[in-house]
$ cat protein_33.tsv   # TSV, C-alpha atoms
chain	number	residue	atom	x	y	z
A	1087	MET	CA	46.76	-4.58	-0.99
A	1088	ARG	CA	43.43	-3.76	-2.65
A	1089	LEU	CA	41.16	-6.68	-1.88
A	1090	LEU	CA	38.03	-5.20	-3.41
A	1091	SER	CA	36.85	-3.39	-6.51
A	1092	GLY	CA	36.58	0.37	-6.22
A	1093	ASP	CA	32.79	0.28	-6.65
A	1094	ILE	CA	32.25	-2.26	-3.89
A	1095	GLU	CA	34.71	-0.50	-1.59
A	1096	LYS	CA	32.65	2.67	-2.04
A	1097	ALA	CA	29.35	0.83	-1.57
A	1098	MET	CA	30.54	-0.70	1.69
A	1099	GLY	CA	31.48	2.72	2.97
A	1100	SER	CA	27.93	3.97	2.46
A	1101	SER	CA	26.09	0.71	3.09
A	1102	SER	CA	22.35	0.63	3.66
A	1103	PHE	CA	21.06	2.78	6.51
A	1104	ILE	CA	18.35	0.15	6.97
A	1105	ARG	CA	20.83	-2.58	7.87
A	1106	LYS	CA	22.88	-0.23	10.01
A	1107	MET	CA	19.86	0.65	12.10
A	1108	PHE	CA	18.75	-2.97	12.28
A	1109	GLU	CA	22.17	-3.96	13.64
A	1110	LYS	CA	22.00	-1.06	16.10
A	1111	GLY	CA	18.66	-2.43	17.27
A	1112	ILE	CA	20.21	-5.82	18.02
A	1113	GLU	CA	22.89	-4.08	20.07
A	1114	LEU	CA	20.33	-2.05	22.04
A	1115	LYS	CA	18.12	-5.06	22.71
A	1116	LYS	CA	21.06	-6.91	24.24
A	1117	LYS	CA	21.71	-3.93	26.48
A	1118	PHE	CA	18.17	-2.88	27.47
A	1119	GLY	CA	15.98	-5.89	26.61
A	1120	ASP	CA	13.57	-6.46	23.73
A	1121	ASP	CA	10.63	-4.65	25.36
A	1122	ALA	CA	12.63	-1.44	25.87
A	1123	VAL	CA	13.68	-1.05	22.21
A	1124	PHE	CA	11.29	0.15	19.49
A	1125	ASP	CA	12.76	-0.94	16.17
A	1126	PHE	CA	10.94	0.39	13.10
A	1127	SER	CA	13.95	0.06	10.79
A	1128	LEU	CA	13.47	-3.16	8.85
A	1129	GLY	CA	10.60	-4.22	6.60
A	1130	ASN	CA	10.78	-7.88	7.66
A	1131	PRO	CA	7.19	-9.22	7.49
A	1132	ASP	CA	6.33	-10.77	10.85
A	1133	VAL	CA	2.65	-11.64	10.37
A	1134	PRO	CA	2.38	-15.45	10.07
A	1135	PRO	CA	1.89	-16.98	6.62
A	1136	PRO	CA	-1.64	-18.14	5.76
A	1137	ALA	CA	-2.81	-21.21	7.72
A	1138	LYS	CA	-2.91	-23.23	4.49
A	1139	THR	CA	0.89	-22.93	4.32
A	1140	LYS	CA	1.38	-25.79	6.80
A	1141	VAL	CA	-0.89	-28.13	4.82
A	1142	GLU	CA	0.87	-27.34	1.56
A	1143	LEU	CA	4.33	-27.74	3.08
A	1144	GLU	CA	3.37	-31.19	4.34
A	1145	ARG	CA	2.13	-32.12	0.87
A	1146	ILE	CA	5.36	-30.83	-0.72
A	1147	ALA	CA	7.42	-32.73	1.86
A	1148	ALA	CA	5.72	-35.99	0.91
A	1149	GLU	CA	6.74	-35.39	-2.72
A	1150	ALA	CA	10.27	-34.29	-1.86
A	1151	VAL	CA	11.68	-37.79	-1.33
A	1152	LYS	CA	10.78	-38.89	-4.85
A	1153	PRO	CA	13.45	-38.81	-7.60
A	1154	LEU	CA	14.21	-35.18	-8.52
A	1155	GLY	CA	11.74	-34.05	-5.87
A	1156	LEU	CA	14.21	-31.32	-4.91
A	1157	GLY	CA	16.31	-31.40	-8.07
A	1158	TYR	CA	17.00	-28.79	-10.72
A	1159	CYS	CA	14.03	-27.47	-12.63
A	1160	PRO	CA	13.92	-25.50	-15.91
A	1161	ASN	CA	15.68	-22.16	-15.49
A	1162	ALA	CA	12.43	-20.25	-16.05
A	1163	GLY	CA	10.64	-22.30	-13.39
A	1164	ILE	CA	8.52	-25.40	-12.92
A	1165	ALA	CA	6.07	-25.72	-15.83
A	1166	SER	CA	2.98	-26.14	-13.64
A	1167	VAL	CA	4.01	-23.16	-11.51
A	1168	ARG	CA	4.44	-20.97	-14.58
A	1169	GLU	CA	0.98	-22.01	-15.75
A	1170	ALA	CA	-0.54	-21.08	-12.39
A	1171	MET	CA	1.36	-17.80	-12.33
A	1172	ALA	CA	0.24	-16.94	-15.86
A	1173	ALA	CA	-3.42	-17.34	-14.88
A	1174	TYR	CA	-2.84	-15.34	-11.69
A	1175	LEU	CA	-1.07	-12.48	-13.51
A	1176	SER	CA	-3.67	-12.45	-16.29
A	1177	ARG	CA	-6.36	-11.71	-13.69
A	1178	GLN	CA	-4.22	-9.25	-11.74
A	1179	GLN	CA	-2.92	-7.32	-14.74
A	1180	ASN	CA	-5.99	-7.53	-16.98
A	1181	ALA	CA	-3.81	-8.99	-19.72
A	1182	ASP	CA	-3.45	-12.30	-21.53
A	1183	VAL	CA	-0.25	-13.61	-19.91
A	1184	GLY	CA	0.86	-17.05	-21.11
A	1185	PRO	CA	3.10	-19.52	-19.24
A	1186	ASP	CA	5.91	-18.84	-21.71
A	1187	ASN	CA	5.79	-15.20	-20.57
A	1188	VAL	CA	6.62	-15.94	-16.91
A	1189	VAL	CA	10.05	-16.40	-15.33
A	1190	MET	CA	10.19	-17.51	-11.70
A	1191	THR	CA	13.03	-15.72	-9.95
A	1192	VAL	CA	14.91	-15.46	-6.67
A	1193	GLY	CA	12.67	-12.77	-5.23
A	1194	ALA	CA	11.73	-9.49	-6.90
A	1195	ALA	CA	15.37	-8.46	-6.49
A	1196	GLY	CA	16.52	-11.43	-8.55
A	1197	ALA	CA	13.96	-10.55	-11.22
A	1198	MET	CA	15.19	-6.95	-11.41
A	1199	VAL	CA	18.87	-7.88	-11.47
A	1200	SER	CA	18.23	-10.50	-14.18
A	1201	PHE	CA	16.29	-7.94	-16.24
A	1202	PHE	CA	19.03	-5.34	-15.94
A	1203	ARG	CA	21.70	-7.86	-16.92
A	1204	ALA	CA	19.64	-8.66	-20.01
A	1205	VAL	CA	19.11	-5.08	-21.22
A	1206	ILE	CA	21.71	-2.70	-19.74
A	1207	GLU	CA	24.91	-1.52	-21.38
A	1208	PRO	CA	27.46	0.61	-19.49
A	1209	GLY	CA	26.28	4.21	-19.24
A	1210	ASP	CA	22.58	3.43	-19.59
A	1211	GLU	CA	20.34	5.46	-17.29
A	1212	ILE	CA	17.53	4.19	-15.08
A	1213	ILE	CA	14.94	6.72	-13.89
A	1214	THR	CA	12.91	6.25	-10.73
A	1215	PRO	CA	10.79	8.56	-8.59
A	1216	ALA	CA	12.46	9.48	-5.30
A	1217	PRO	CA	12.28	8.42	-2.55
A	1218	TYR	CA	13.06	4.93	-3.80
A	1219	PHE	CA	14.10	1.50	-2.56
A	1220	VAL	CA	17.75	1.82	-1.60
A	1221	GLU	CA	19.09	-1.11	-3.64
A	1222	TYR	CA	17.94	0.10	-7.09
A	1223	GLY	CA	21.24	1.87	-7.68
A	1224	SER	CA	23.20	-1.30	-6.96
A	1225	TYR	CA	20.92	-3.51	-9.04
A	1226	CYS	CA	21.54	-1.48	-12.20
A	1227	GLY	CA	25.02	-0.33	-11.20
A	1228	HIS	CA	26.40	-3.88	-11.23
A	1229	PHE	CA	26.18	-3.72	-15.03
A	1230	GLY	CA	27.25	-0.12	-15.60
A	1231	GLY	CA	23.79	1.42	-15.29
A	1232	VAL	CA	23.33	4.82	-13.65
A	1233	LEU	CA	20.32	5.50	-11.42
A	1234	LYS	CA	18.68	8.91	-11.97
A	1235	PRO	CA	16.23	9.67	-9.15
A	1236	VAL	CA	13.50	12.23	-9.89
A	1237	PRO	CA	12.01	13.85	-6.75
A	1238	SER	CA	8.33	13.10	-6.14
A	1239	ILE	CA	5.82	15.74	-5.06
A	1240	PRO	CA	5.32	16.06	-1.29
A	1241	PRO	CA	3.38	15.63	0.87
A	1242	THR	CA	1.63	12.76	-0.96
A	1243	PHE	CA	4.75	11.79	-2.94
A	1244	ARG	CA	2.89	11.26	-6.19
A	1245	PRO	CA	5.33	10.99	-9.11
A	1246	ASP	CA	6.29	14.21	-10.89
A	1247	VAL	CA	5.50	13.07	-14.42
A	1248	SER	CA	6.71	16.24	-16.13
A	1249	ALA	CA	10.06	15.96	-14.32
A	1250	ILE	CA	10.31	12.29	-15.31
A	1251	ALA	CA	9.70	13.26	-18.93
A	1252	ALA	CA	12.36	15.98	-18.71
A	1253	ALA	CA	14.87	13.49	-17.26
A	1254	VAL	CA	14.61	11.11	-20.21
A	1255	THR	CA	17.65	11.12	-22.52
A	1256	PRO	CA	18.69	8.88	-25.43
A	1257	ARG	CA	20.56	6.75	-22.85
A	1258	THR	CA	17.52	6.15	-20.64
A	1259	ARG	CA	16.79	2.42	-20.63
A	1260	ALA	CA	14.03	2.03	-18.04
A	1261	VAL	CA	11.68	3.91	-15.75
A	1262	ILE	CA	11.10	2.04	-12.48
A	1263	VAL	CA	7.80	2.55	-10.69
A	1264	ASN	CA	7.14	1.03	-7.26
A	1265	SER	CA	3.50	1.20	-6.18
A	1266	PRO	CA	2.49	0.71	-3.40
A	1267	ASN	CA	5.71	2.50	-2.67
A	1268	ASN	CA	8.54	1.71	-0.31
A	1269	PRO	CA	9.21	3.97	1.62
A	1270	THR	CA	6.23	6.37	1.29
A	1271	GLY	CA	3.22	4.04	1.14
A	1272	CYS	CA	1.94	6.07	-1.82
A	1273	ILE	CA	-0.21	4.26	-4.40
A	1274	TYR	CA	0.17	5.79	-7.85
A	1275	SER	CA	-3.16	6.69	-9.42
A	1276	ALA	CA	-4.32	5.26	-12.74
A	1277	GLU	CA	-3.98	8.76	-14.22
A	1278	ASP	CA	-0.36	9.14	-13.11
A	1279	MET	CA	0.52	5.65	-14.35
A	1280	GLN	CA	-1.11	6.39	-17.71
A	1281	ALA	CA	0.88	9.62	-17.93
A	1282	ILE	CA	4.17	7.83	-17.19
A	1283	ALA	CA	3.31	5.18	-19.77
A	1284	ALA	CA	2.62	7.96	-22.29
A	1285	VAL	CA	6.14	9.32	-21.67
A	1286	VAL	CA	7.54	5.86	-22.42
A	1287	GLU	CA	5.43	5.48	-25.57
A	1288	ALA	CA	6.38	8.93	-26.87
A	1289	GLU	CA	10.09	8.28	-26.34
A	1290	ASN	CA	9.91	4.92	-28.10
A	1291	ARG	CA	8.18	6.49	-31.09
A	1292	LYS	CA	11.14	8.87	-31.36
A	1293	ARG	CA	13.60	6.00	-31.16
A	1294	GLY	CA	11.90	4.08	-33.94
A	1295	GLU	CA	11.80	0.35	-34.67
A	1296	ASP	CA	15.58	0.10	-34.89
A	1297	GLY	CA	16.26	1.86	-31.59
A	1298	ARG	CA	16.81	0.42	-28.12
A	1299	PRO	CA	13.45	0.62	-26.33
A	1300	LEU	CA	12.72	2.47	-23.12
A	1301	TYR	CA	10.99	0.06	-20.71
A	1302	LEU	CA	8.44	0.76	-17.99
A	1303	LEU	CA	9.42	-1.56	-15.13
A	1304	SER	CA	6.86	-2.01	-12.36
A	1305	ASP	CA	8.21	-3.35	-9.05
A	1306	GLU	CA	5.20	-4.78	-7.18
A	1307	PRO	CA	6.06	-6.72	-4.00
A	1308	TYR	CA	3.44	-4.71	-2.04
A	1309	ARG	CA	0.57	-4.90	-4.54
A	1310	ALA	CA	-1.79	-6.63	-2.06
A	1311	PHE	CA	-1.19	-3.99	0.62
A	1312	ALA	CA	-3.82	-1.41	-0.34
A	1313	PHE	CA	-6.01	0.17	2.36
A	1314	ASP	CA	-9.03	2.46	2.67
A	1315	GLY	CA	-10.45	1.23	-0.63
A	1316	ALA	CA	-7.36	2.21	-2.63
A	1317	VAL	CA	-6.85	0.42	-5.94
A	1318	VAL	CA	-3.48	-0.49	-7.47
A	1319	PRO	CA	-3.98	-0.16	-11.24
A	1320	PRO	CA	-2.65	-2.88	-13.59
A	1321	VAL	CA	0.44	-1.89	-15.53
A	1322	LEU	CA	0.79	-4.33	-18.43
A	1323	PRO	CA	-2.10	-2.80	-20.47
A	1324	LEU	CA	-0.61	0.71	-20.26
A	1325	THR	CA	2.19	0.28	-22.80
A	1326	LYS	CA	3.59	-2.54	-24.90
A	1327	TRP	CA	6.96	-1.77	-23.27
A	1328	ALA	CA	5.77	-2.58	-19.74
A	1329	CYS	CA	7.35	-5.28	-17.57
A	1330	VAL	CA	6.11	-6.37	-14.15
A	1331	LEU	CA	8.04	-8.09	-11.39
A	1332	GLY	CA	7.13	-8.95	-7.84
A	1333	SER	CA	7.48	-11.45	-5.04
A	1334	PHE	CA	5.63	-13.34	-2.33
A	1335	SER	CA	7.91	-12.13	0.45
A	1336	LYS	CA	5.34	-9.74	1.88
A	1337	THR	CA	1.96	-11.04	0.67
A	1338	LEU	CA	2.61	-14.55	2.03
A	1339	SER	CA	5.35	-13.76	4.60
A	1340	LEU	CA	7.78	-15.93	2.64
A	1341	ALA	CA	10.66	-13.45	2.57
A	1342	GLY	CA	13.28	-16.06	3.46
A	1343	GLU	CA	12.14	-18.42	0.73
A	1344	ARG	CA	13.04	-15.86	-1.99
A	1345	ILE	CA	10.33	-16.40	-4.59
A	1346	GLY	CA	9.62	-13.80	-7.25
A	1347	TYR	CA	8.58	-13.51	-10.86
A	1348	PHE	CA	9.05	-11.51	-14.06
A	1349	THR	CA	6.68	-10.97	-16.95
A	1350	ALA	CA	6.48	-8.63	-19.95
A	1351	SER	CA	3.57	-7.12	-21.83
A	1352	PRO	CA	2.04	-9.68	-24.23
A	1353	ALA	CA	2.00	-6.89	-26.83
A	1354	MET	CA	5.75	-6.22	-26.65
A	1355	PRO	CA	7.57	-6.69	-29.98
A	1356	GLU	CA	9.94	-9.66	-29.74
A	1357	ARG	CA	8.67	-10.26	-26.22
A	1358	GLN	CA	9.84	-13.86	-26.19
A	1359	LYS	CA	13.39	-12.73	-26.92
A	1360	LEU	CA	13.38	-10.59	-23.77
A	1361	VAL	CA	11.84	-13.37	-21.64
A	1362	SER	CA	14.43	-15.83	-22.97
A	1363	ALA	CA	17.19	-13.35	-22.14
A	1364	VAL	CA	15.93	-12.95	-18.57
A	1365	THR	CA	15.78	-16.74	-18.28
A	1366	LEU	CA	19.41	-16.90	-19.43
A	1367	THR	CA	20.62	-14.21	-17.04
A	1368	ASN	CA	18.62	-15.78	-14.20
A	1369	ARG	CA	20.85	-18.83	-14.77
A	1370	THR	CA	24.19	-17.22	-15.51
A	1371	LEU	CA	24.06	-14.77	-12.59
A	1372	GLY	CA	24.23	-17.87	-10.41
A	1373	PHE	CA	20.59	-18.09	-9.42
A	1374	VAL	CA	20.17	-21.10	-11.79
A	1375	ASN	CA	16.49	-21.45	-10.87
A	1376	ALA	CA	14.16	-20.17	-8.18
A	1377	PRO	CA	13.89	-22.46	-5.11
A	1378	VAL	CA	11.61	-25.36	-6.01
A	1379	ILE	CA	9.95	-25.64	-2.60
A	1380	GLY	CA	9.12	-21.96	-2.68
A	1381	GLN	CA	7.81	-22.18	-6.23
A	1382	ARG	CA	5.42	-25.00	-5.38
A	1383	LEU	CA	4.36	-23.30	-2.17
A	1384	ALA	CA	3.66	-19.95	-3.85
A	1385	ALA	CA	1.67	-21.63	-6.64
A	1386	ALA	CA	-0.50	-23.40	-4.06
A	1387	LEU	CA	-1.16	-20.16	-2.18
A	1388	LEU	CA	-1.84	-17.76	-5.05
A	1389	ASN	CA	-5.35	-17.01	-3.80
A	1390	GLU	CA	-4.16	-16.42	-0.22
A	1391	THR	CA	-2.58	-13.50	1.62
A	1392	VAL	CA	-1.40	-12.87	5.14
A	1393	ASP	CA	-3.92	-11.21	7.44
A	1394	LEU	CA	-3.85	-7.71	6.00
A	1395	GLU	CA	-6.12	-6.46	8.79
A	1396	VAL	CA	-3.19	-6.85	11.19
A	1397	TYR	CA	-1.14	-4.42	9.09
A	1398	ASP	CA	-4.07	-2.04	8.83
A	1399	ARG	CA	-4.49	-1.95	12.62
A	1400	ARG	CA	-0.79	-1.24	13.00
A	1401	ARG	CA	-1.00	1.49	10.38
A	1402	ARG	CA	-3.79	3.24	12.28
A	1403	LEU	CA	-2.04	2.85	15.62
A	1404	MET	CA	1.22	4.21	14.19
A	1405	ALA	CA	-0.70	7.19	12.82
A	1406	LYS	CA	-2.08	7.92	16.28
A	1407	VAL	CA	1.34	7.65	17.94
A	1408	LEU	CA	2.89	10.04	15.42
A	1409	SER	CA	-0.03	12.47	15.53
A	1410	ASP	CA	-0.02	12.59	19.32
A	1411	ALA	CA	3.71	13.36	19.25
A	1412	GLY	CA	3.28	16.16	16.70
A	1413	VAL	CA	5.10	14.38	13.87
A	1414	GLU	CA	3.91	15.40	10.39
A	1415	PHE	CA	3.08	12.64	7.91
A	1416	GLU	CA	0.80	11.68	5.06
A	1417	MET	CA	-1.34	8.64	5.85
A	1418	PRO	CA	0.05	5.80	3.68
A	1419	LYS	CA	-2.49	4.12	1.41
A	1420	GLY	CA	-0.38	1.03	0.83
A	1421	ALA	CA	2.62	-1.09	1.82
A	1422	PHE	CA	3.49	-1.01	5.55
A	1423	TYR	CA	5.66	2.07	5.96
A	1424	PHE	CA	5.33	5.68	7.09
A	1425	PHE	CA	7.49	8.40	5.56
A	1426	ALA	CA	7.29	11.06	8.25
A	1427	LYS	CA	8.66	14.60	8.11
A	1428	SER	CA	11.65	15.41	10.30
A	1429	PRO	CA	11.15	18.44	12.58
A	1430	VAL	CA	14.60	19.64	11.44
A	1431	ALA	CA	16.12	19.80	7.98
A	1432	ASP	CA	18.80	17.22	8.77
A	1433	ASP	CA	16.88	13.96	9.08
A	1434	LYS	CA	19.87	12.24	10.69
A	1435	VAL	CA	19.60	14.66	13.64
A	1436	PHE	CA	16.02	13.47	14.15
A	1437	VAL	CA	17.16	9.85	13.83
A	1438	ASP	CA	19.74	10.47	16.57
A	1439	ALA	CA	17.16	12.12	18.84
A	1440	LEU	CA	14.88	9.11	18.47
A	1441	LEU	CA	17.80	6.75	19.01
A	1442	LYS	CA	18.34	8.32	22.45
A	1443	GLU	CA	14.81	7.10	23.22
A	1444	ASN	CA	15.62	3.61	21.87
A	1445	VAL	CA	13.39	4.31	18.87
A	1446	LEU	CA	14.99	3.18	15.61
A	1447	VAL	CA	13.95	4.67	12.27
A	1448	VAL	CA	15.77	5.13	8.95
A	1449	PRO	CA	16.72	8.57	7.56
A	1450	GLY	CA	14.96	9.55	4.37
A	1451	SER	CA	18.31	10.53	2.88
A	1452	GLY	CA	19.01	6.80	2.69
A	1453	PHE	CA	16.12	6.60	0.22
A	1454	GLY	CA	17.24	9.59	-1.79
A	1455	TYR	CA	14.91	12.10	-0.09
A	1456	ALA	CA	16.29	14.05	2.85
A	1457	GLY	CA	14.19	15.69	5.54
A	1458	TYR	CA	12.05	12.64	6.30
A	1459	VAL	CA	12.35	9.32	8.12
A	1460	ARG	CA	10.95	5.91	7.29
A	1461	LEU	CA	9.19	3.71	9.83
A	1462	SER	CA	8.22	0.10	9.18
A	1463	CYS	CA	4.96	-1.20	10.67
A	1464	SER	CA	6.07	-4.84	10.51
A	1465	VAL	CA	6.31	-4.88	14.31
A	1466	ASP	CA	3.93	-5.91	17.09
A	1467	GLU	CA	1.21	-3.45	18.12
A	1468	LYS	CA	2.58	-3.44	21.67
A	1469	ILE	CA	5.91	-2.09	20.37
A	1470	ILE	CA	4.13	0.66	18.43
A	1471	ALA	CA	1.99	1.66	21.42
A	1472	ASN	CA	4.90	1.62	23.87
A	1473	SER	CA	7.02	3.84	21.61
A	1474	ALA	CA	4.64	6.77	22.07
A	1475	ASP	CA	6.49	8.43	24.94
A	1476	GLY	CA	9.81	8.14	23.12
A	1477	PHE	CA	8.41	9.96	20.09
A	1478	LYS	CA	6.95	12.67	22.32
A	1479	ARG	CA	10.24	13.22	24.17
A	1480	ALA	CA	12.23	13.30	20.93
A	1481	MET	CA	9.86	15.86	19.39
A	1482	ALA	CA	9.88	17.94	22.58
A	1483	SER	CA	13.67	18.19	22.39
A	1484	PHE	CA	13.31	20.30	19.23
A	1485	ALA	CA	10.85	22.72	20.85
A	1486	ARG	CA	13.36	24.00	23.42
$ encode --input "protein_33.tsv" --output "structure tokens"
Amino acid sequence: MRLLSGDIEKAMGSSSFIRKMFEKGIELKKKFGDDAVFDFSLGNPDVPPPAKTKVELERIAAEAVKPLGLGYCPNAGIASVREAMAAYLSRQQNADVGPDNVVMTVGAAGAMVSFFRAVIEPGDEIITPAPYFVEYGSYCGHFGGVLKPVPSIPPTFRPDVSAIAAAVTPRTRAVIVNSPNNPTGCIYSAEDMQAIAAVVEAENRKRGEDGRPLYLLSDEPYRAFAFDGAVVPPVLPLTKWACVLGSFSKTLSLAGERIGYFTASPAMPERQKLVSAVTLTNRTLGFVNAPVIGQRLAAALLNETVDLEVYDRRRRLMAKVLSDAGVEFEMPKGAFYFFAKSPVADDKVFVDALLKENVLVVPGSGFGYAGYVRLSCSVDEKIIANSADGFKRAMASFAR
């Protein structure tokens, strides 16, 4: 008997390399002990939330026992939270974002899925620079969308704007940008973002007022993670067809609380219709509303971040470990990942060589870009330092 749909059966057969490696890490830790396994597979933020989190949670707890303290809220989010988010996004995006232009969502993933449900018809195409976050194909594919990755330019992995422009067809519905990028750590320059926005504007002029617009969708869960003076440019002012979504999973280490947001350019024609549609799909997809504790907590911590210096120290230590082992890489300017070059064309062979040293990384082919591996720096500095010999032995095995 066929228990599952064909699409899900296929997806399960090629499920995320990230989760596979994470589960392998659990197995190895049981066998060898936590200190003998060096797991760089999962981007699970481990730096504690800001100290103010405890104070705010106690305040929220005192309010929780009141009538409707933990009850349903409006599908778009708690009114006071949307007001706080609007002010926060106005500053961040250099745009006049109003409370009616904010939808609180179940993480950035919930925001993206709700957006796609609102705008995609079967056969629509979604362009994104590769490498890309592994779930994008599923997020649009649930509604008949087709992901079209466009290879970025190594070694910095800046987006290939001319190739993005060439990939646009009448069925293209959105261009996803993710900066700071997972998995490369690349931060897209203002010039590259302006060029991508120009592609979107030019295509929409061709489609005319009666056409279905091409959106620029900016996925920004790592916006705060910018190092060495790098600047993440605002996206909403670049085109009236821009939308921004993000979360507090990484910036506040609230990944398990699943709090995200969606907003659209204030200049977008019929903007409120799109926001209302995302509010509707946020409900009908089963999310109903974003978690109320998380909403209140995020609103109270909007001016806070985790200790980013911890991630910067890890980034520098990881760079030293890789350099000493002879692994080629481009120093990431943002997020908390390295996208390192495999010493052999088949990145899975390199993954296996590292696995023999109890070092767990994810093949770049899992992110749509073979020949590289991704390493997450959301691990203790001791783990990074102690992995050094394993990297050296794995690299030496290819020099024989």
$ closest_residue --input "protein_33.tsv" --among "A:Val1188, A:Val1396, A:Met1087, A:Val1183" --to "A:Ala1165" --atoms "all atoms listed in the file"
A:Val1188
$ residues_around --input "protein_33.tsv" --residues "A:Ala1456" --least-positions-apart "3" --cutoff "10 Å" --atoms "only C-alpha atoms" --output "count of residues only"
13
$ residues_around --input "protein_33.tsv" --residues "stretch 1463-1472 of chain A" --least-positions-apart "2" --cutoff "7 Å" --atoms "all atoms listed in the file" --output "PyMOL selection string"
chain A and resi 1124+1126+1129-1132+1400-1401+1404+1407+1422-1423+1461+1474
$ closest_residue --input "protein_33.tsv" --among "A:Ile1250, A:Leu1371, A:Val1236, A:Ala1194" --to "A:Val1330" --atoms "only C-alpha atoms"
A:Ala1194
$ residues_around --input "protein_33.tsv" --residues "A:Leu1302" --least-positions-apart "3" --cutoff "6 Å" --atoms "all atoms listed in the file" --output "ChimeraX atom specification"
/A:1260-1261,1328
$ closest_residue --input "protein_33.tsv" --among "A:Thr1367, A:Ser1473, A:Gln1358, A:Ser1127" --to "A:Lys1406" --atoms "all atoms listed in the file"
A:Ser1473
$ atom_distance --input "protein_33.tsv" --atom1 "atom CA of A:Ala1316" --atom2 "atom CA of A:Ser1304"
17.7 Å
$ residues_around --input "protein_33.tsv" --residues "A:Ser1339" --least-positions-apart "5" --cutoff "8 Å" --atoms "all atoms listed in the file" --output "list of chain:residue names"
A:Pro1131, A:Asp1132, A:Val1133, A:Pro1134, A:Pro1135, A:Phe1334, A:Val1392
$ write_last_selection --input "protein_33.tsv" --atoms "C-alpha atoms" --output "PDB file, in the coordinates of the input"
ATOM      1  CA  PRO A1131       7.190  -9.220   7.490  1.00  0.00           C
ATOM      2  CA  ASP A1132       6.330 -10.770  10.850  1.00  0.00           C
ATOM      3  CA  VAL A1133       2.650 -11.640  10.370  1.00  0.00           C
ATOM      4  CA  PRO A1134       2.380 -15.450  10.070  1.00  0.00           C
ATOM      5  CA  PRO A1135       1.890 -16.980   6.620  1.00  0.00           C
ATOM      6  CA  PHE A1334       5.630 -13.340  -2.330  1.00  0.00           C
ATOM      7  CA  VAL A1392      -1.400 -12.870   5.140  1.00  0.00           C
TER       8      VAL A1392
END
$ atom_distance --input "protein_33.tsv" --atom1 "atom CA of A:Tyr1308" --atom2 "atom CA of A:Pro1185"
22.7 Å
$ residues_around --input "protein_33.tsv" --residues "A:Pro1237" --least-positions-apart "3" --cutoff "12 Å" --atoms "only C-alpha atoms" --output "ChimeraX atom specification"
/A:1213-1218,1234,1240-1250,1253,1451,1453-1456
$ closest_residue --input "protein_33.tsv" --among "A:Asn1444, A:Asn1368, A:Ser1166, A:Asn1375" --to "A:Met1107" --atoms "only C-alpha atoms"
A:Asn1444
